[in-house]
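**Q** Let me give you the structure first, and then I'll get to my questions.
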Amino acid sequence: MFEGLKKKFSEFVDSIASKEEEKIEEEALEDKKETISELPNEERVREEEIKKRERVDPEPKIKEEKKEQEKASEMPKREEHQKITEERELKKRGNVTFGTKLRSKIFKEIRISEKDINPFLEDLRISLLESDVNYEVVEKVVESLRKELTEGSISSPELEIRISEKIRKSLMDILKSSGSVDMLGLAASKRSSGEIPFKILFLGPNGAGKTTTIAKIAKMFIDKGFSCMLSASDTFRAAAIEQTAIHASRLGIPVVKGSYGADPSSIAFDAVAHAKARHIEVVLIDSAGRQETNKSLMDEVRKMVRVTKPNLKIFIGESIAGNSLLNQLKEFDSAVGLDGIILTKLDCDAKGGNTLSILSETDVPVLFFGTGEKYEDIMPYDPNFIIESIMPSN
Ligand SMILES: Nc1nc2c(ncn2[C@@H]2O[C@H](COP(=O)(O)OP(=O)(O)O)[C@@H](O)[C@H]2O)c(=O)[nH]1
Ligand SMILES: [Mg+2]
């Protein structure tokens, strides 16, 4: 993911650092010239002073040396040592001013100009677009970074760390923008107040991974000690009913199913009634992702919500779907109001960039990432996971 960006980032940091070094060298050379041209004068004045005193006092040198010795013995040992080392160092360099100025400049704060930052921001823009972050979000990230990097100054010894921190922060601001929903915690609190079954309706386009994800979530509930069942209410997609039934049998839980072409809402209704009758605590309701027209799909989704009154409506989207994902999500959200998102297929060279688009453009929190086809291939949403793929830390 974001291939080559890290290399470009290093090049960018190097270019700023080397420009800064050149500047330091030029300025230091200027300083050296100044100091050298000043030196003869200073020395001349000093020599003349000593000669003057020699004329008045016949033993000036001996006295001066004595004074110096007295001063040195008053100095603490560590300071004395430091002074000697510094003097030795300065003698090697030729003059005092050059060394001191050079050291202070290496540790100074660097200001990054628009001209410096533009080529890198252009690379970042392309990388984000290639990673399915939508145009508006890319502009937002790039502009906030431009501001961050050009407005203040950055301490030069940590240039690379500081710039990458600023990039991470701009991304984190977006990735942390929505809240979260604790599915298991909510179900547990409903259970303890006697409100069962806890119903979750799963929505999303065809092939996104709804049925697979439902099975993963079922396993999560089972592992936490909940009794659980499935509603095979995708009556449109070939083999969808069998697929749900196979998962139910593997997990050892009940499934309510109908025939292909049957009304999905009536199957979901039956599943909820079945759970109530048998005190099953969690019902996971599948749905179809495609109908003859999108209008009828949204009508069907609304009907399922009316009939089953789910506690949570979760959208399942493919992280590899690119920008179309955001449009699908918005369509479902405006039809029924979503409570959370699960992004699947992050293992398939997915560009987690569309997480940035989702969290920037909607208020729906991302809850989990699907990372494979096995039951355990699911992980809680972690913004650092996305940031790490954009700006790997090593
Ligand atoms: N690699 C990978 N494949 C997945 C993931 N989730 C689902 N799939 C696969 O995607 C395909 C479609 O999944 P399915 O659950 O049938 O999608 P549905 O039509 O939305 O119910 C199947 O082959 C799944 O095994 C995932 O996180 N990673
Ligand atoms: Mg399915």
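Residues are named by chain letter and number: chains run A, B, ... in the order of the structure tokens, numbers start at 1 in each chain, and ligands are numbered from 1 in the order shown.
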Per residue of chain A within 9 Å of ligand 2, record the nearest atom pair and its distance in Å to one decimal, counting only C-alpha atoms and all ligand atoms, with rows in chain order and ascending residue number, as CSV.
**A**
residue,atom,partner,partner_atom_place_in_ligand_line,distance
A:Asn206,CA,ligand 2,1 (Mg),6.9
A:Gly207,CA,ligand 2,1 (Mg),6.6
A:Ala208,CA,ligand 2,1 (Mg),8.0
A:Gly209,CA,ligand 2,1 (Mg),6.6
A:Lys210,CA,ligand 2,1 (Mg),5.2
A:Thr211,CA,ligand 2,1 (Mg),4.1
A:Thr212,CA,ligand 2,1 (Mg),7.2
A:Ile214,CA,ligand 2,1 (Mg),9.0
A:Ala232,CA,ligand 2,1 (Mg),8.6
A:Ser233,CA,ligand 2,1 (Mg),8.9
A:Asp234,CA,ligand 2,1 (Mg),6.4
A:Arg237,CA,ligand 2,1 (Mg),7.1
A:Ala239,CA,ligand 2,1 (Mg),8.5
A:Ala240,CA,ligand 2,1 (Mg),5.2
A:Ile241,CA,ligand 2,1 (Mg),8.0
A:Gln243,CA,ligand 2,1 (Mg),7.5
A:Thr244,CA,ligand 2,1 (Mg),7.6
A:Asp286,CA,ligand 2,1 (Mg),6.9
A:Ser287,CA,ligand 2,1 (Mg),7.1
A:Ala288,CA,ligand 2,1 (Mg),6.7
A:Gly289,CA,ligand 2,1 (Mg),7.7
**Q** Interatomic distance between atom CA of A:Asp173 and atom CA of A:Arg146?
**A**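 Answer for the atom CA of A:Asp173 to atom CA of A:Arg146 separation: 15.1 Å.
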**Q** Which is closer to ligand 1 than all the others in A:Thr344, A:Asn134, A:Ser180, A:Ser357, using only C-alpha atoms and all ligand atoms?
**A**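 Among the listed residues, A:Thr344 lies closest to ligand 1.
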**Q** Just want the 12 Å neighbourhood of A:Glu361, counted on only C-alpha atoms, with same-chain residues fewer than 6 positions away dropped. Output as a list in words.
**A**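 That gives Val133, Asn134, Tyr135, Glu136, Val137, Val138, Lys140, Ile174, Leu175, Ser177, Ser178, Asn323, Leu325, Leu326, Asn327, Leu329, Lys330, Asp333, Asn354 and Thr355 of chain A.
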**Q** So which bits of stretch 85-258 of chain A end up alpha helix (DSSP H) when you DSSP the backbone, as a PDB file with C-alpha atoms, in the first residue's frame?
**A**
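Contents of the output file states_3.pdb:
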ATOM      1  CA  THR A  85      39.290  20.491  25.654  1.00  0.00           C
ATOM      2  CA  GLU A  86      37.398  23.369  24.090  1.00  0.00           C
ATOM      3  CA  GLU A  87      40.521  25.456  23.736  1.00  0.00           C
ATOM      4  CA  ARG A  88      42.325  22.573  22.106  1.00  0.00           C
ATOM      5  CA  GLU A  89      39.333  22.110  19.757  1.00  0.00           C
ATOM      6  CA  LEU A  90      39.283  25.808  18.912  1.00  0.00           C
ATOM      7  CA  LYS A  91      43.003  25.887  18.256  1.00  0.00           C
ATOM      8  CA  LYS A  92      42.493  23.076  15.759  1.00  0.00           C
ATOM      9  CA  ARG A  93      39.671  24.998  14.027  1.00  0.00           C
ATOM     10  CA  VAL A  96      36.597  30.729  18.337  1.00  0.00           C
ATOM     11  CA  THR A  97      33.622  32.216  16.529  1.00  0.00           C
ATOM     12  CA  PHE A  98      33.415  29.733  13.677  1.00  0.00           C
ATOM     13  CA  GLY A  99      33.010  26.661  15.909  1.00  0.00           C
ATOM     14  CA  THR A 100      30.476  28.214  18.230  1.00  0.00           C
ATOM     15  CA  LYS A 101      28.297  29.548  15.454  1.00  0.00           C
ATOM     16  CA  LEU A 102      28.359  26.292  13.542  1.00  0.00           C
ATOM     17  CA  ARG A 103      27.195  24.322  16.584  1.00  0.00           C
ATOM     18  CA  SER A 104      24.293  26.661  17.269  1.00  0.00           C
ATOM     19  CA  LYS A 105      23.141  26.458  13.673  1.00  0.00           C
ATOM     20  CA  ILE A 106      23.023  22.664  13.509  1.00  0.00           C
ATOM     21  CA  GLU A 114       5.813  26.129   0.054  1.00  0.00           C
ATOM     22  CA  LYS A 115       8.373  25.472  -2.672  1.00  0.00           C
ATOM     23  CA  ASP A 116      10.081  22.771  -0.585  1.00  0.00           C
ATOM     24  CA  ILE A 117       6.894  20.992   0.300  1.00  0.00           C
ATOM     25  CA  ASN A 118       5.002  21.082  -3.023  1.00  0.00           C
ATOM     26  CA  PRO A 119       6.686  18.142  -4.806  1.00  0.00           C
ATOM     27  CA  PHE A 120       6.243  15.906  -1.751  1.00  0.00           C
ATOM     28  CA  LEU A 121       2.604  16.913  -1.267  1.00  0.00           C
ATOM     29  CA  GLU A 122       1.976  16.123  -4.926  1.00  0.00           C
ATOM     30  CA  ASP A 123       3.371  12.607  -4.375  1.00  0.00           C
ATOM     31  CA  LEU A 124       1.288  12.203  -1.242  1.00  0.00           C
ATOM     32  CA  ARG A 125      -1.821  13.353  -3.142  1.00  0.00           C
ATOM     33  CA  ILE A 126      -1.249  10.743  -5.872  1.00  0.00           C
ATOM     34  CA  SER A 127      -0.557   7.992  -3.328  1.00  0.00           C
ATOM     35  CA  LEU A 128      -3.738   8.753  -1.413  1.00  0.00           C
ATOM     36  CA  LEU A 129      -5.826   8.853  -4.609  1.00  0.00           C
ATOM     37  CA  GLU A 130      -4.317   5.554  -5.744  1.00  0.00           C
ATOM     38  CA  TYR A 135     -10.713  13.538  -3.908  1.00  0.00           C
ATOM     39  CA  GLU A 136     -12.247  15.823  -1.249  1.00  0.00           C
ATOM     40  CA  VAL A 137     -10.572  13.904   1.570  1.00  0.00           C
ATOM     41  CA  VAL A 138      -7.210  13.918  -0.217  1.00  0.00           C
ATOM     42  CA  GLU A 139      -7.438  17.699  -0.549  1.00  0.00           C
ATOM     43  CA  LYS A 140      -8.360  18.008   3.126  1.00  0.00           C
ATOM     44  CA  VAL A 141      -5.384  15.916   4.263  1.00  0.00           C
ATOM     45  CA  VAL A 142      -2.945  17.616   1.893  1.00  0.00           C
ATOM     46  CA  GLU A 143      -4.074  21.141   2.822  1.00  0.00           C
ATOM     47  CA  SER A 144      -3.972  20.484   6.548  1.00  0.00           C
ATOM     48  CA  LEU A 145      -0.466  19.087   6.145  1.00  0.00           C
ATOM     49  CA  ARG A 146       0.651  22.049   4.054  1.00  0.00           C
ATOM     50  CA  LYS A 147      -0.526  24.310   6.876  1.00  0.00           C
ATOM     51  CA  GLU A 148       1.046  22.187   9.595  1.00  0.00           C
ATOM     52  CA  LEU A 149       4.414  21.954   7.853  1.00  0.00           C
ATOM     53  CA  THR A 150       4.803  25.491   6.556  1.00  0.00           C
ATOM     54  CA  GLU A 151       3.341  27.417   9.471  1.00  0.00           C
ATOM     55  CA  LEU A 159      13.296  16.503  10.882  1.00  0.00           C
ATOM     56  CA  GLU A 160      12.184  13.102   9.576  1.00  0.00           C
ATOM     57  CA  ILE A 161      10.444  12.092  12.811  1.00  0.00           C
ATOM     58  CA  ARG A 162       8.709  15.445  13.198  1.00  0.00           C
ATOM     59  CA  ILE A 163       7.366  15.540   9.614  1.00  0.00           C
ATOM     60  CA  SER A 164       6.151  11.959   9.745  1.00  0.00           C
ATOM     61  CA  GLU A 165       4.489  12.736  13.107  1.00  0.00           C
ATOM     62  CA  LYS A 166       2.623  15.604  11.485  1.00  0.00           C
ATOM     63  CA  ILE A 167       1.439  13.381   8.617  1.00  0.00           C
ATOM     64  CA  ARG A 168       0.318  10.703  11.076  1.00  0.00           C
ATOM     65  CA  LYS A 169      -1.528  13.310  13.130  1.00  0.00           C
ATOM     66  CA  SER A 170      -3.489  14.647  10.110  1.00  0.00           C
ATOM     67  CA  LEU A 171      -4.529  11.083   9.235  1.00  0.00           C
ATOM     68  CA  MET A 172      -5.332  10.206  12.850  1.00  0.00           C
ATOM     69  CA  ASP A 173      -7.586  13.278  13.190  1.00  0.00           C
ATOM     70  CA  ILE A 174      -9.797  11.814  10.464  1.00  0.00           C
ATOM     71  CA  LEU A 175      -9.500   8.178  11.502  1.00  0.00           C
ATOM     72  CA  MET A 183     -21.617  -5.000  19.833  1.00  0.00           C
ATOM     73  CA  LEU A 184     -20.857  -7.623  22.483  1.00  0.00           C
ATOM     74  CA  GLY A 185     -21.154  -5.179  25.362  1.00  0.00           C
ATOM     75  CA  LEU A 186     -24.538  -3.934  24.126  1.00  0.00           C
ATOM     76  CA  ALA A 187     -25.857  -7.479  23.704  1.00  0.00           C
ATOM     77  CA  ALA A 188     -24.628  -8.348  27.210  1.00  0.00           C
ATOM     78  CA  SER A 189     -26.356  -5.366  28.795  1.00  0.00           C
ATOM     79  CA  LYS A 190     -29.620  -6.140  26.949  1.00  0.00           C
ATOM     80  CA  ARG A 191     -29.366  -9.739  28.086  1.00  0.00           C
ATOM     81  CA  SER A 192     -28.888  -8.730  31.686  1.00  0.00           C
ATOM     82  CA  LYS A 210     -21.957 -10.367   4.509  1.00  0.00           C
ATOM     83  CA  THR A 211     -22.563 -14.091   4.986  1.00  0.00           C
ATOM     84  CA  THR A 212     -18.896 -14.797   5.800  1.00  0.00           C
ATOM     85  CA  THR A 213     -18.746 -11.903   8.261  1.00  0.00           C
ATOM     86  CA  ILE A 214     -22.013 -12.976   9.924  1.00  0.00           C
ATOM     87  CA  ALA A 215     -20.422 -16.376  10.575  1.00  0.00           C
ATOM     88  CA  LYS A 216     -17.330 -14.673  12.082  1.00  0.00           C
ATOM     89  CA  ILE A 217     -19.517 -12.500  14.328  1.00  0.00           C
ATOM     90  CA  ALA A 218     -21.567 -15.555  15.349  1.00  0.00           C
ATOM     91  CA  LYS A 219     -18.342 -17.269  16.405  1.00  0.00           C
ATOM     92  CA  MET A 220     -17.406 -14.201  18.447  1.00  0.00           C
ATOM     93  CA  PHE A 221     -20.753 -14.280  20.285  1.00  0.00           C
ATOM     94  CA  ILE A 222     -20.564 -18.052  20.828  1.00  0.00           C
ATOM     95  CA  ASP A 223     -17.023 -17.716  22.222  1.00  0.00           C
ATOM     96  CA  ALA A 240     -26.739 -17.997  -0.357  1.00  0.00           C
ATOM     97  CA  ILE A 241     -29.193 -20.066   1.698  1.00  0.00           C
ATOM     98  CA  GLU A 242     -26.991 -23.188   1.555  1.00  0.00           C
ATOM     99  CA  GLN A 243     -23.912 -21.106   2.415  1.00  0.00           C
ATOM    100  CA  THR A 244     -25.611 -19.759   5.573  1.00  0.00           C
ATOM    101  CA  ALA A 245     -26.854 -23.232   6.497  1.00  0.00           C
ATOM    102  CA  ILE A 246     -23.322 -24.687   6.182  1.00  0.00           C
ATOM    103  CA  HIS A 247     -21.916 -22.012   8.527  1.00  0.00           C
ATOM    104  CA  ALA A 248     -24.738 -22.643  11.035  1.00  0.00           C
ATOM    105  CA  SER A 249     -24.060 -26.356  11.022  1.00  0.00           C
ATOM    106  CA  ARG A 250     -20.261 -25.838  11.416  1.00  0.00           C
ATOM    107  CA  LEU A 251     -20.864 -23.492  14.325  1.00  0.00           C
TER     108      LEU A 251
END
**Q** Rounded to one decimal, what separation in Å do you get between atom 12 (C, counted along the ligand's line) of ligand 1 and atom CA of A:Glu318?
**A** 9.4 Å
